$ cat target_39.pdb   # PDB, C-alpha atoms, pLDDT in the B column
ATOM      1  CA  MET A   1     -29.275 -19.340  10.913  1.00 63.00           C
ATOM      2  CA  GLY A   2     -29.361 -20.411  14.565  1.00 79.00           C
ATOM      3  CA  MET A   3     -26.036 -22.022  15.427  1.00 89.00           C
ATOM      4  CA  THR A   4     -24.564 -22.802  18.806  1.00 92.00           C
ATOM      5  CA  LYS A   5     -21.180 -21.415  19.775  1.00 93.00           C
ATOM      6  CA  ARG A   6     -19.720 -24.921  19.496  1.00 94.00           C
ATOM      7  CA  GLN A   7     -21.090 -25.381  15.962  1.00 95.00           C
ATOM      8  CA  ARG A   8     -19.708 -21.997  14.963  1.00 96.00           C
ATOM      9  CA  ARG A   9     -16.297 -22.882  16.367  1.00 97.00           C
ATOM     10  CA  VAL A  10     -16.255 -26.172  14.450  1.00 97.00           C
ATOM     11  CA  GLY A  11     -17.220 -24.239  11.304  1.00 97.00           C
ATOM     12  CA  VAL A  12     -14.383 -21.741  11.801  1.00 97.00           C
ATOM     13  CA  LEU A  13     -11.896 -24.587  12.290  1.00 98.00           C
ATOM     14  CA  ILE A  14     -13.135 -26.364   9.129  1.00 98.00           C
ATOM     15  CA  ASN A  15     -12.985 -23.114   7.148  1.00 97.00           C
ATOM     16  CA  HIS A  16      -9.406 -22.308   8.136  1.00 97.00           C
ATOM     17  CA  ALA A  17      -8.211 -25.910   7.942  1.00 97.00           C
ATOM     18  CA  ALA A  18      -9.582 -26.136   4.381  1.00 97.00           C
ATOM     19  CA  LEU A  19      -7.837 -22.867   3.472  1.00 96.00           C
ATOM     20  CA  LEU A  20      -4.565 -24.198   4.857  1.00 96.00           C
ATOM     21  CA  LEU A  21      -5.071 -27.494   3.020  1.00 96.00           C
ATOM     22  CA  LEU A  22      -5.651 -25.576  -0.205  1.00 95.00           C
ATOM     23  CA  LEU A  23      -2.289 -23.831   0.205  1.00 92.00           C
ATOM     24  CA  VAL A  24      -0.522 -27.077   1.138  1.00 92.00           C
ATOM     25  CA  VAL A  25      -1.951 -28.894  -1.899  1.00 92.00           C
ATOM     26  CA  TRP A  26      -1.241 -26.008  -4.251  1.00 91.00           C
ATOM     27  CA  TYR A  27       2.325 -25.302  -3.162  1.00 87.00           C
ATOM     28  CA  GLY A  28       3.197 -28.856  -2.098  1.00 88.00           C
ATOM     29  CA  SER A  29       2.038 -30.739  -5.188  1.00 87.00           C
ATOM     30  CA  PRO A  30       5.048 -29.788  -7.398  1.00 82.00           C
ATOM     31  CA  PHE A  31       7.342 -31.311  -4.750  1.00 83.00           C
ATOM     32  CA  ALA A  32       5.188 -34.450  -4.671  1.00 86.00           C
ATOM     33  CA  GLY A  33       5.538 -34.733  -8.456  1.00 87.00           C
ATOM     34  CA  LEU A  34       1.812 -34.294  -9.176  1.00 85.00           C
ATOM     35  CA  SER A  35       0.640 -33.192 -12.607  1.00 88.00           C
ATOM     36  CA  GLU A  36      -0.985 -29.785 -13.134  1.00 88.00           C
ATOM     37  CA  ALA A  37      -4.405 -31.427 -13.592  1.00 90.00           C
ATOM     38  CA  LEU A  38      -4.097 -33.313 -10.290  1.00 91.00           C
ATOM     39  CA  ARG A  39      -2.862 -30.140  -8.615  1.00 90.00           C
ATOM     40  CA  ILE A  40      -5.944 -28.206  -9.730  1.00 91.00           C
ATOM     41  CA  ALA A  41      -8.290 -31.076  -8.864  1.00 92.00           C
ATOM     42  CA  GLY A  42      -6.641 -31.457  -5.460  1.00 91.00           C
ATOM     43  CA  ALA A  43      -6.989 -27.764  -4.731  1.00 93.00           C
ATOM     44  CA  LEU A  44     -10.606 -27.705  -5.877  1.00 95.00           C
ATOM     45  CA  VAL A  45     -11.787 -29.964  -3.022  1.00 95.00           C
ATOM     46  CA  PRO A  46     -10.591 -27.687  -0.157  1.00 96.00           C
ATOM     47  CA  LEU A  47     -11.764 -24.670  -2.178  1.00 97.00           C
ATOM     48  CA  ILE A  48     -15.314 -26.057  -2.232  1.00 97.00           C
ATOM     49  CA  ILE A  49     -15.119 -26.740   1.526  1.00 97.00           C
ATOM     50  CA  VAL A  50     -13.922 -23.153   2.074  1.00 97.00           C
ATOM     51  CA  GLY A  51     -16.845 -21.877   0.000  1.00 97.00           C
ATOM     52  CA  ILE A  52     -19.476 -23.911   1.854  1.00 97.00           C
ATOM     53  CA  SER A  53     -18.101 -23.169   5.330  1.00 97.00           C
ATOM     54  CA  TYR A  54     -17.760 -19.499   4.369  1.00 97.00           C
ATOM     55  CA  TYR A  55     -21.461 -19.406   3.516  1.00 97.00           C
ATOM     56  CA  VAL A  56     -22.513 -21.216   6.707  1.00 96.00           C
ATOM     57  CA  ILE A  57     -20.260 -19.372   9.164  1.00 95.00           C
ATOM     58  CA  HIS A  58     -19.936 -15.903   7.720  1.00 96.00           C
ATOM     59  CA  LEU A  59     -22.942 -15.222   5.499  1.00 96.00           C
ATOM     60  CA  ALA A  60     -25.824 -17.224   6.995  1.00 95.00           C
ATOM     61  CA  THR A  61     -25.025 -16.091  10.557  1.00 94.00           C
ATOM     62  CA  GLY A  62     -24.972 -12.433   9.515  1.00 94.00           C
ATOM     63  CA  LEU A  63     -21.440 -11.994  10.900  1.00 96.00           C
ATOM     64  CA  TRP A  64     -20.066 -10.894   7.536  1.00 95.00           C
ATOM     65  CA  ALA A  65     -22.700  -8.145   7.369  1.00 95.00           C
ATOM     66  CA  LEU A  66     -21.981  -7.156  10.979  1.00 96.00           C
ATOM     67  CA  VAL A  67     -18.232  -6.678  10.534  1.00 96.00           C
ATOM     68  CA  HIS A  68     -18.693  -4.909   7.197  1.00 95.00           C
ATOM     69  CA  ALA A  69     -21.476  -2.575   8.368  1.00 95.00           C
ATOM     70  CA  ARG A  70     -20.965   1.175   8.753  1.00 95.00           C
ATOM     71  CA  PRO A  71     -20.526   2.186  12.427  1.00 93.00           C
ATOM     72  CA  ALA A  72     -23.566   4.458  12.042  1.00 94.00           C
ATOM     73  CA  ASP A  73     -25.708   1.350  11.469  1.00 94.00           C
ATOM     74  CA  LEU A  74     -24.495  -0.430  14.613  1.00 96.00           C
ATOM     75  CA  ASP A  75     -25.310   0.032  18.277  1.00 96.00           C
ATOM     76  CA  GLU A  76     -22.672   0.636  20.959  1.00 96.00           C
ATOM     77  CA  ARG A  77     -22.214  -3.064  21.841  1.00 96.00           C
ATOM     78  CA  GLN A  78     -21.877  -4.030  18.182  1.00 96.00           C
ATOM     79  CA  ILE A  79     -19.330  -1.239  17.603  1.00 97.00           C
ATOM     80  CA  GLY A  80     -17.405  -2.501  20.638  1.00 96.00           C
ATOM     81  CA  ILE A  81     -17.263  -6.126  19.503  1.00 96.00           C
ATOM     82  CA  THR A  82     -16.423  -5.260  15.887  1.00 96.00           C
ATOM     83  CA  LEU A  83     -13.557  -3.046  17.087  1.00 97.00           C
ATOM     84  CA  LEU A  84     -12.236  -5.910  19.232  1.00 96.00           C
ATOM     85  CA  ALA A  85     -12.560  -8.246  16.247  1.00 97.00           C
ATOM     86  CA  ALA A  86     -10.699  -5.786  13.997  1.00 97.00           C
ATOM     87  CA  ARG A  87      -7.962  -5.382  16.598  1.00 97.00           C
ATOM     88  CA  PHE A  88      -7.496  -9.150  16.913  1.00 97.00           C
ATOM     89  CA  SER A  89      -7.547  -9.593  13.126  1.00 97.00           C
ATOM     90  CA  TYR A  90      -4.994  -6.851  12.581  1.00 97.00           C
ATOM     91  CA  ALA A  91      -2.580  -8.536  14.998  1.00 97.00           C
ATOM     92  CA  VAL A  92      -3.006 -11.992  13.440  1.00 97.00           C
ATOM     93  CA  PHE A  93      -3.030 -10.809   9.840  1.00 97.00           C
ATOM     94  CA  SER A  94       0.084  -8.644  10.163  1.00 97.00           C
ATOM     95  CA  VAL A  95       2.028 -11.588  11.633  1.00 97.00           C
ATOM     96  CA  LEU A  96       0.779 -13.890   8.836  1.00 94.00           C
ATOM     97  CA  CYS A  97       1.774 -11.324   6.183  1.00 93.00           C
ATOM     98  CA  LEU A  98       5.276 -11.066   7.640  1.00 94.00           C
ATOM     99  CA  LEU A  99       5.541 -14.858   7.827  1.00 93.00           C
ATOM    100  CA  ALA A 100       4.428 -15.131   4.169  1.00 89.00           C
ATOM    101  CA  LEU A 101       7.033 -12.554   3.140  1.00 89.00           C
ATOM    102  CA  PHE A 102       9.685 -14.344   5.192  1.00 91.00           C
ATOM    103  CA  GLY A 103       8.695 -17.687   3.663  1.00 87.00           C
ATOM    104  CA  ALA A 104       8.803 -16.215   0.166  1.00 85.00           C
ATOM    105  CA  ALA A 105      12.230 -14.718   0.832  1.00 88.00           C
ATOM    106  CA  VAL A 106      13.626 -18.023   2.153  1.00 89.00           C
ATOM    107  CA  ALA A 107      12.059 -19.975  -0.736  1.00 84.00           C
ATOM    108  CA  GLY A 108      13.425 -17.403  -3.201  1.00 84.00           C
ATOM    109  CA  ASN A 109      16.935 -18.014  -1.883  1.00 86.00           C
ATOM    110  CA  HIS A 110      16.496 -21.664  -2.846  1.00 83.00           C
ATOM    111  CA  GLY A 111      15.222 -20.820  -6.313  1.00 79.00           C
ATOM    112  CA  ILE A 112      11.558 -21.483  -5.504  1.00 76.00           C
ATOM    113  CA  ILE A 113       9.088 -18.793  -6.500  1.00 74.00           C
ATOM    114  CA  LEU A 114       6.306 -18.943  -3.918  1.00 71.00           C
ATOM    115  CA  PHE A 115       4.190 -16.011  -5.009  1.00 74.00           C
ATOM    116  CA  ASP A 116       1.446 -16.521  -7.538  1.00 85.00           C
ATOM    117  CA  ALA A 117      -2.212 -15.546  -7.477  1.00 88.00           C
ATOM    118  CA  ILE A 118      -3.243 -18.196  -4.903  1.00 91.00           C
ATOM    119  CA  LEU A 119      -1.369 -16.949  -1.830  1.00 90.00           C
ATOM    120  CA  PRO A 120      -2.493 -13.294  -2.170  1.00 90.00           C
ATOM    121  CA  ALA A 121      -6.054 -14.507  -2.877  1.00 94.00           C
ATOM    122  CA  CYS A 122      -5.996 -16.604   0.305  1.00 94.00           C
ATOM    123  CA  MET A 123      -4.554 -13.677   2.272  1.00 94.00           C
ATOM    124  CA  LEU A 124      -7.282 -11.398   0.892  1.00 95.00           C
ATOM    125  CA  TYR A 125      -9.922 -13.928   1.916  1.00 96.00           C
ATOM    126  CA  LEU A 126      -8.358 -14.207   5.372  1.00 95.00           C
ATOM    127  CA  ALA A 127      -8.198 -10.430   5.805  1.00 95.00           C
ATOM    128  CA  HIS A 128     -11.927 -10.179   5.162  1.00 94.00           C
ATOM    129  CA  THR A 129     -13.032 -13.176   7.191  1.00 96.00           C
ATOM    130  CA  LEU A 130     -10.786 -12.980  10.274  1.00 97.00           C
ATOM    131  CA  PRO A 131     -12.990 -10.440  12.099  1.00 97.00           C
ATOM    132  CA  SER A 132     -16.144 -12.496  11.606  1.00 97.00           C
ATOM    133  CA  SER A 133     -14.244 -15.700  12.457  1.00 97.00           C
ATOM    134  CA  TYR A 134     -13.203 -14.064  15.722  1.00 97.00           C
ATOM    135  CA  LEU A 135     -16.800 -13.109  16.506  1.00 97.00           C
ATOM    136  CA  ALA A 136     -18.060 -16.572  15.545  1.00 97.00           C
ATOM    137  CA  TRP A 137     -15.517 -17.980  17.980  1.00 96.00           C
ATOM    138  CA  VAL A 138     -16.097 -15.737  21.000  1.00 95.00           C
ATOM    139  CA  GLU A 139     -19.659 -14.434  20.854  1.00 92.00           C
ATOM    140  CA  LYS A 140     -22.387 -16.156  22.819  1.00 87.00           C
ATOM    141  CA  GLU A 141     -25.217 -15.027  20.530  1.00 81.00           C
ATOM    142  CA  VAL A 142     -24.979 -13.963  16.884  1.00 80.00           C
TER     143      VAL A 142
ATOM    144  CA  MET B 143      -9.006  -1.067  33.159  1.00 81.00           C
ATOM    145  CA  LYS B 144     -11.072  -3.932  34.502  1.00 84.00           C
ATOM    146  CA  THR B 145     -14.717  -2.896  34.514  1.00 86.00           C
ATOM    147  CA  ARG B 146     -17.087  -3.955  37.254  1.00 91.00           C
ATOM    148  CA  LYS B 147     -20.366  -5.687  36.547  1.00 93.00           C
ATOM    149  CA  ILE B 148     -23.450  -3.487  36.404  1.00 95.00           C
ATOM    150  CA  TYR B 149     -26.660  -5.164  37.532  1.00 96.00           C
ATOM    151  CA  ASN B 150     -30.022  -4.130  36.114  1.00 96.00           C
ATOM    152  CA  ARG B 151     -33.786  -4.700  36.183  1.00 95.00           C
ATOM    153  CA  ILE B 152     -34.341  -4.510  32.425  1.00 96.00           C
ATOM    154  CA  LEU B 153     -35.816  -8.020  32.137  1.00 96.00           C
ATOM    155  CA  VAL B 154     -38.386  -7.429  34.912  1.00 94.00           C
ATOM    156  CA  LEU B 155     -39.327  -3.980  33.634  1.00 95.00           C
ATOM    157  CA  ARG B 156     -39.643  -5.178  30.037  1.00 97.00           C
ATOM    158  CA  LYS B 157     -41.895  -8.093  31.023  1.00 96.00           C
ATOM    159  CA  GLU B 158     -43.919  -5.853  33.306  1.00 94.00           C
ATOM    160  CA  ARG B 159     -44.646  -3.571  30.363  1.00 95.00           C
ATOM    161  CA  GLY B 160     -45.365  -6.478  28.015  1.00 96.00           C
ATOM    162  CA  LEU B 161     -42.637  -5.553  25.556  1.00 96.00           C
ATOM    163  CA  SER B 162     -40.726  -7.985  23.372  1.00 97.00           C
ATOM    164  CA  ARG B 163     -36.933  -7.682  23.098  1.00 96.00           C
ATOM    165  CA  GLN B 164     -37.362  -6.314  19.587  1.00 97.00           C
ATOM    166  CA  GLU B 165     -39.889  -3.695  20.692  1.00 97.00           C
ATOM    167  CA  LEU B 166     -37.681  -2.501  23.546  1.00 97.00           C
ATOM    168  CA  ALA B 167     -34.660  -2.519  21.238  1.00 97.00           C
ATOM    169  CA  ASP B 168     -36.537  -0.316  18.754  1.00 97.00           C
ATOM    170  CA  ILE B 169     -37.505   2.138  21.492  1.00 97.00           C
ATOM    171  CA  VAL B 170     -33.980   2.557  22.895  1.00 97.00           C
ATOM    172  CA  GLY B 171     -32.304   2.278  19.478  1.00 96.00           C
ATOM    173  CA  VAL B 172     -30.180  -0.871  19.794  1.00 97.00           C
ATOM    174  CA  ASN B 173     -30.084  -4.340  18.240  1.00 95.00           C
ATOM    175  CA  PHE B 174     -32.417  -6.867  19.907  1.00 94.00           C
ATOM    176  CA  GLN B 175     -29.439  -9.065  20.790  1.00 93.00           C
ATOM    177  CA  THR B 176     -28.012  -6.205  22.834  1.00 96.00           C
ATOM    178  CA  ILE B 177     -31.173  -6.322  24.970  1.00 97.00           C
ATOM    179  CA  GLY B 178     -30.429 -10.020  25.612  1.00 95.00           C
ATOM    180  CA  TYR B 179     -26.848  -9.250  26.606  1.00 95.00           C
ATOM    181  CA  LEU B 180     -28.070  -6.480  28.937  1.00 97.00           C
ATOM    182  CA  GLU B 181     -30.744  -8.684  30.520  1.00 96.00           C
ATOM    183  CA  ARG B 182     -28.162 -11.386  31.211  1.00 95.00           C
ATOM    184  CA  GLU B 183     -25.901  -8.655  32.640  1.00 94.00           C
ATOM    185  CA  GLU B 184     -23.154  -9.586  30.195  1.00 94.00           C
ATOM    186  CA  TYR B 185     -22.796  -6.065  28.879  1.00 95.00           C
ATOM    187  CA  ASN B 186     -22.513  -2.742  30.687  1.00 95.00           C
ATOM    188  CA  PRO B 187     -24.412   0.025  28.877  1.00 96.00           C
ATOM    189  CA  SER B 188     -23.036   3.483  28.244  1.00 96.00           C
ATOM    190  CA  LEU B 189     -24.448   6.399  30.222  1.00 96.00           C
ATOM    191  CA  ASP B 190     -26.360   7.498  27.119  1.00 97.00           C
ATOM    192  CA  LEU B 191     -28.027   4.084  26.788  1.00 97.00           C
ATOM    193  CA  ALA B 192     -28.759   3.964  30.523  1.00 97.00           C
ATOM    194  CA  PHE B 193     -30.601   7.294  30.219  1.00 97.00           C
ATOM    195  CA  ARG B 194     -32.521   5.988  27.215  1.00 97.00           C
ATOM    196  CA  PHE B 195     -33.750   3.076  29.359  1.00 98.00           C
ATOM    197  CA  SER B 196     -34.564   5.566  32.095  1.00 97.00           C
ATOM    198  CA  ASP B 197     -36.704   7.589  29.630  1.00 97.00           C
ATOM    199  CA  CYS B 198     -38.319   4.435  28.246  1.00 97.00           C
ATOM    200  CA  PHE B 199     -39.343   3.022  31.633  1.00 97.00           C
ATOM    201  CA  ASP B 200     -39.944   6.457  33.174  1.00 96.00           C
ATOM    202  CA  LEU B 201     -37.737   5.548  36.129  1.00 96.00           C
ATOM    203  CA  THR B 202     -34.499   7.011  37.426  1.00 95.00           C
ATOM    204  CA  VAL B 203     -31.234   5.396  36.298  1.00 96.00           C
ATOM    205  CA  GLU B 204     -30.394   4.150  39.816  1.00 93.00           C
ATOM    206  CA  VAL B 205     -33.686   2.232  39.981  1.00 92.00           C
ATOM    207  CA  ILE B 206     -32.791   0.364  36.766  1.00 95.00           C
ATOM    208  CA  PHE B 207     -29.007  -0.010  37.134  1.00 96.00           C
ATOM    209  CA  SER B 208     -26.778  -0.666  40.121  1.00 94.00           C
ATOM    210  CA  PRO B 209     -23.186  -1.759  40.780  1.00 93.00           C
ATOM    211  CA  GLU B 210     -24.615  -3.956  43.586  1.00 91.00           C
ATOM    212  CA  PRO B 211     -26.794  -7.040  42.958  1.00 91.00           C
ATOM    213  CA  MET B 212     -30.429  -5.964  42.637  1.00 86.00           C
ATOM    214  CA  ARG B 213     -32.962  -6.926  45.292  1.00 80.00           C
ATOM    215  CA  PRO B 214     -36.444  -7.754  43.987  1.00 76.00           C
ATOM    216  CA  LEU B 215     -38.576  -4.599  43.637  1.00 71.00           C
ATOM    217  CA  SER B 216     -41.194  -5.992  46.060  1.00 75.00           C
ATOM    218  CA  GLN B 217     -38.538  -6.587  48.704  1.00 76.00           C
ATOM    219  CA  GLU B 218     -37.158  -3.097  48.199  1.00 72.00           C
ATOM    220  CA  LEU B 219     -40.630  -1.556  48.500  1.00 72.00           C
ATOM    221  CA  TYR B 220     -41.365  -3.604  51.618  1.00 76.00           C
ATOM    222  CA  GLY B 221     -38.054  -2.501  53.170  1.00 72.00           C
ATOM    223  CA  ARG B 222     -38.824   1.131  52.368  1.00 69.00           C
ATOM    224  CA  ARG B 223     -42.280   0.887  53.959  1.00 71.00           C
ATOM    225  CA  GLU B 224     -40.760  -0.667  57.066  1.00 73.00           C
ATOM    226  CA  LYS B 225     -38.280   2.203  57.283  1.00 70.00           C
ATOM    227  CA  GLU B 226     -41.069   4.757  56.886  1.00 72.00           C
ATOM    228  CA  GLY B 227     -43.085   2.986  59.637  1.00 70.00           C
ATOM    229  CA  GLU B 228     -40.232   3.217  62.151  1.00 64.00           C
TER     230      GLU B 228
END

$ encode --input "target_39.pdb" --output "structure tokens"
Amino acid sequence: MGMTKRQRRVGVLINHAALLLLLVVWYGSPFAGLSEALRIAGALVPLIIVGISYYVIHLATGLWALVHARPADLDERQIGITLLAARFSYAVFSVLCLLALFGAAVAGNHGIILFDAILPACMLYLAHTLPSSYLAWVEKEV
Amino acid sequence: MKTRKIYNRILVLRKERGLSRQELADIVGVNFQTIGYLEREEYNPSLDLAFRFSDCFDLTVEVIFSPEPMRPLSQELYGRREKEGE
């Protein structure tokens, strides 16, 4: 899919904003006094946006395949950019993991259990999409 | 280390030989987008890749790549002839 750098950047922003919104709705709804049904319905909307933007930005552009390809299948420029993407993602992801652990520890001290399946699932998604998000953001041609 | 820009004549040589980006990419063993990056001088090739271009175009590496901006081939040839005439 031919997308301009600007379109890709907008897509990356939408994808990550929707992921953040999903977490806010999921973990914020009990404090807002929402029922379980409203919580699930509220989380479903950003989840669908994440799914669509994931397809457009990561799958249709071929970036997902690029960052998950074996080095033997890539040329020297592609190896170079995927290594840069992995390096950037490692730095960001490790900080986010530590922040999540810190947040869980602070919440735990106040009797709030933050960890359920949603946060690790979002972190897993982020770990796999950060490298291609980085490439979608910086690369001139994909 | 900050790398310097390497200039090249890949675009001219490819067009001269009537090759598409994909065809040239297949010959030298890279992705076609890498040819685009090289032609726009946004990527410096490795020595191995530079020699593959040299083999492909049957020219020496210094004719294809240079750390200085490239003069047009015609101008270079004209300058060489003038030197030989002196």

$ interface_residues --input "target_39.pdb" --of "chain B" --to "chain A" --cutoff "10 Å" --atoms "all atoms listed in the file" --output "JSON, numbers by chain"
{"B": [171, 172, 173, 175, 176, 178, 179, 180, 184, 185, 186, 187, 188, 190, 191]}

$ resolve_selection --input "target_39.pdb" --expression "the PyMOL selection byres ((chain B and resi 209-226) around 12)" --output "list in words"
Thr145, Arg146, Lys147, Ile148, Tyr149, Asn150, Arg151, Ile152, Leu153, Val154, Leu155, Glu158, Glu183, Asn186, Val203, Glu204, Val205, Ile206, Phe207, Ser208, Gly227 and Glu228 of chain B

$ write_last_selection --input "target_39.pdb" --atoms "C-alpha atoms" --output "mmCIF file, in the coordinates of the input"
data_model
loop_
_atom_site.group_PDB
_atom_site.id
_atom_site.type_symbol
_atom_site.label_atom_id
_atom_site.label_comp_id
_atom_site.auth_asym_id
_atom_site.auth_seq_id
_atom_site.Cartn_x
_atom_site.Cartn_y
_atom_site.Cartn_z
ATOM 1 C CA THR B 145 -14.717 -2.896 34.514
ATOM 2 C CA ARG B 146 -17.087 -3.955 37.254
ATOM 3 C CA LYS B 147 -20.366 -5.687 36.547
ATOM 4 C CA ILE B 148 -23.450 -3.487 36.404
ATOM 5 C CA TYR B 149 -26.660 -5.164 37.532
ATOM 6 C CA ASN B 150 -30.022 -4.130 36.114
ATOM 7 C CA ARG B 151 -33.786 -4.700 36.183
ATOM 8 C CA ILE B 152 -34.341 -4.510 32.425
ATOM 9 C CA LEU B 153 -35.816 -8.020 32.137
ATOM 10 C CA VAL B 154 -38.386 -7.429 34.912
ATOM 11 C CA LEU B 155 -39.327 -3.980 33.634
ATOM 12 C CA GLU B 158 -43.919 -5.853 33.306
ATOM 13 C CA GLU B 183 -25.901 -8.655 32.640
ATOM 14 C CA ASN B 186 -22.513 -2.742 30.687
ATOM 15 C CA VAL B 203 -31.234 5.396 36.298
ATOM 16 C CA GLU B 204 -30.394 4.150 39.816
ATOM 17 C CA VAL B 205 -33.686 2.232 39.981
ATOM 18 C CA ILE B 206 -32.791 0.364 36.766
ATOM 19 C CA PHE B 207 -29.007 -0.010 37.134
ATOM 20 C CA SER B 208 -26.778 -0.666 40.121
ATOM 21 C CA GLY B 227 -43.085 2.986 59.637
ATOM 22 C CA GLU B 228 -40.232 3.217 62.151
#

$ resolve_selection --input "target_39.pdb" --expression "the PyMOL selection byres ((chain A and resi 3) around 12)" --output "NGL selection string"
:A and (1-2 or 4-11 or 56-58 or 60-63 or 136-137 or 139-142)

$ residues_near_point --input "target_39.pdb" --point "(-34.4, -4.3, 23.8)" --cutoff "6 Å" --atoms "all atoms listed in the file" --output "ChimeraX atom specification"
/B:163-164,166-167,174,177

$ atom_distance --input "target_39.pdb" --atom1 "CA of Ala18 (chain A)" --atom2 "CA of Ala127 (chain A)"
15.8 Å

$ closest_residue --input "target_39.pdb" --among "A:Ser53, A:Ser133, A:Ser94, A:Thr82" --to "His68 (chain A)" --atoms "all atoms listed in the file"
A:Thr82

$ resolve_selection --input "target_39.pdb" --expression "the PyMOL selection byres ((chain A and resi 26-41) around 10)" --output "list in words"
Leu20, Leu21, Leu22, Leu23, Val24, Val25, Gly42, Ala43, Leu44, Val45, Pro46, Leu47, Ile113, Leu114, Phe115, Asp116, Ile118 and Leu119 of chain A

$ write_last_selection --input "target_39.pdb" --atoms "C-alpha atoms" --output "PDB file, in the frame of the given file"
ATOM      1  CA  LEU A  20      -4.565 -24.198   4.857  1.00 96.00           C
ATOM      2  CA  LEU A  21      -5.071 -27.494   3.020  1.00 96.00           C
ATOM      3  CA  LEU A  22      -5.651 -25.576  -0.205  1.00 95.00           C
ATOM      4  CA  LEU A  23      -2.289 -23.831   0.205  1.00 92.00           C
ATOM      5  CA  VAL A  24      -0.522 -27.077   1.138  1.00 92.00           C
ATOM      6  CA  VAL A  25      -1.951 -28.894  -1.899  1.00 92.00           C
ATOM      7  CA  GLY A  42      -6.641 -31.457  -5.460  1.00 91.00           C
ATOM      8  CA  ALA A  43      -6.989 -27.764  -4.731  1.00 93.00           C
ATOM      9  CA  LEU A  44     -10.606 -27.705  -5.877  1.00 95.00           C
ATOM     10  CA  VAL A  45     -11.787 -29.964  -3.022  1.00 95.00           C
ATOM     11  CA  PRO A  46     -10.591 -27.687  -0.157  1.00 96.00           C
ATOM     12  CA  LEU A  47     -11.764 -24.670  -2.178  1.00 97.00           C
ATOM     13  CA  ILE A 113       9.088 -18.793  -6.500  1.00 74.00           C
ATOM     14  CA  LEU A 114       6.306 -18.943  -3.918  1.00 71.00           C
ATOM     15  CA  PHE A 115       4.190 -16.011  -5.009  1.00 74.00           C
ATOM     16  CA  ASP A 116       1.446 -16.521  -7.538  1.00 85.00           C
ATOM     17  CA  ILE A 118      -3.243 -18.196  -4.903  1.00 91.00           C
ATOM     18  CA  LEU A 119      -1.369 -16.949  -1.830  1.00 90.00           C
TER      19      LEU A 119
END

$ axis_aligned_box --input "target_39.pdb" --around "region 208-227 of chain B" --padding-each-side "3 Å" --output "lines of an AutoDock Vina configuration file"
center_x = -33.1
center_y = -1.5
center_z = 49.9
size_x = 25.9
size_y = 18.5
size_z = 25.5

$ atom_distance --input "target_39.pdb" --atom1 "CA of Arg182 (chain B)" --atom2 "CA of Leu59 (chain A)"
26.5 Å

$ atom_distance --input "target_39.pdb" --atom1 "CA of Lys157 (chain B)" --atom2 "CA of Leu66 (chain A)"
28.3 Å

$ residues_near_point --input "target_39.pdb" --point "(-16.8, -8.6, 8.3)" --cutoff "7 Å" --atoms "only C-alpha atoms" --output "list in words"
Leu63, Trp64, Ala65, Leu66, Val67, His68, His128, Thr129, Pro131 and Ser132 of chain A

$ closest_residue --input "target_39.pdb" --among "A:Leu13, A:Ile79, A:Leu99, A:Ala104" --to "Leu130 (chain A)" --atoms "only C-alpha atoms"
A:Leu13
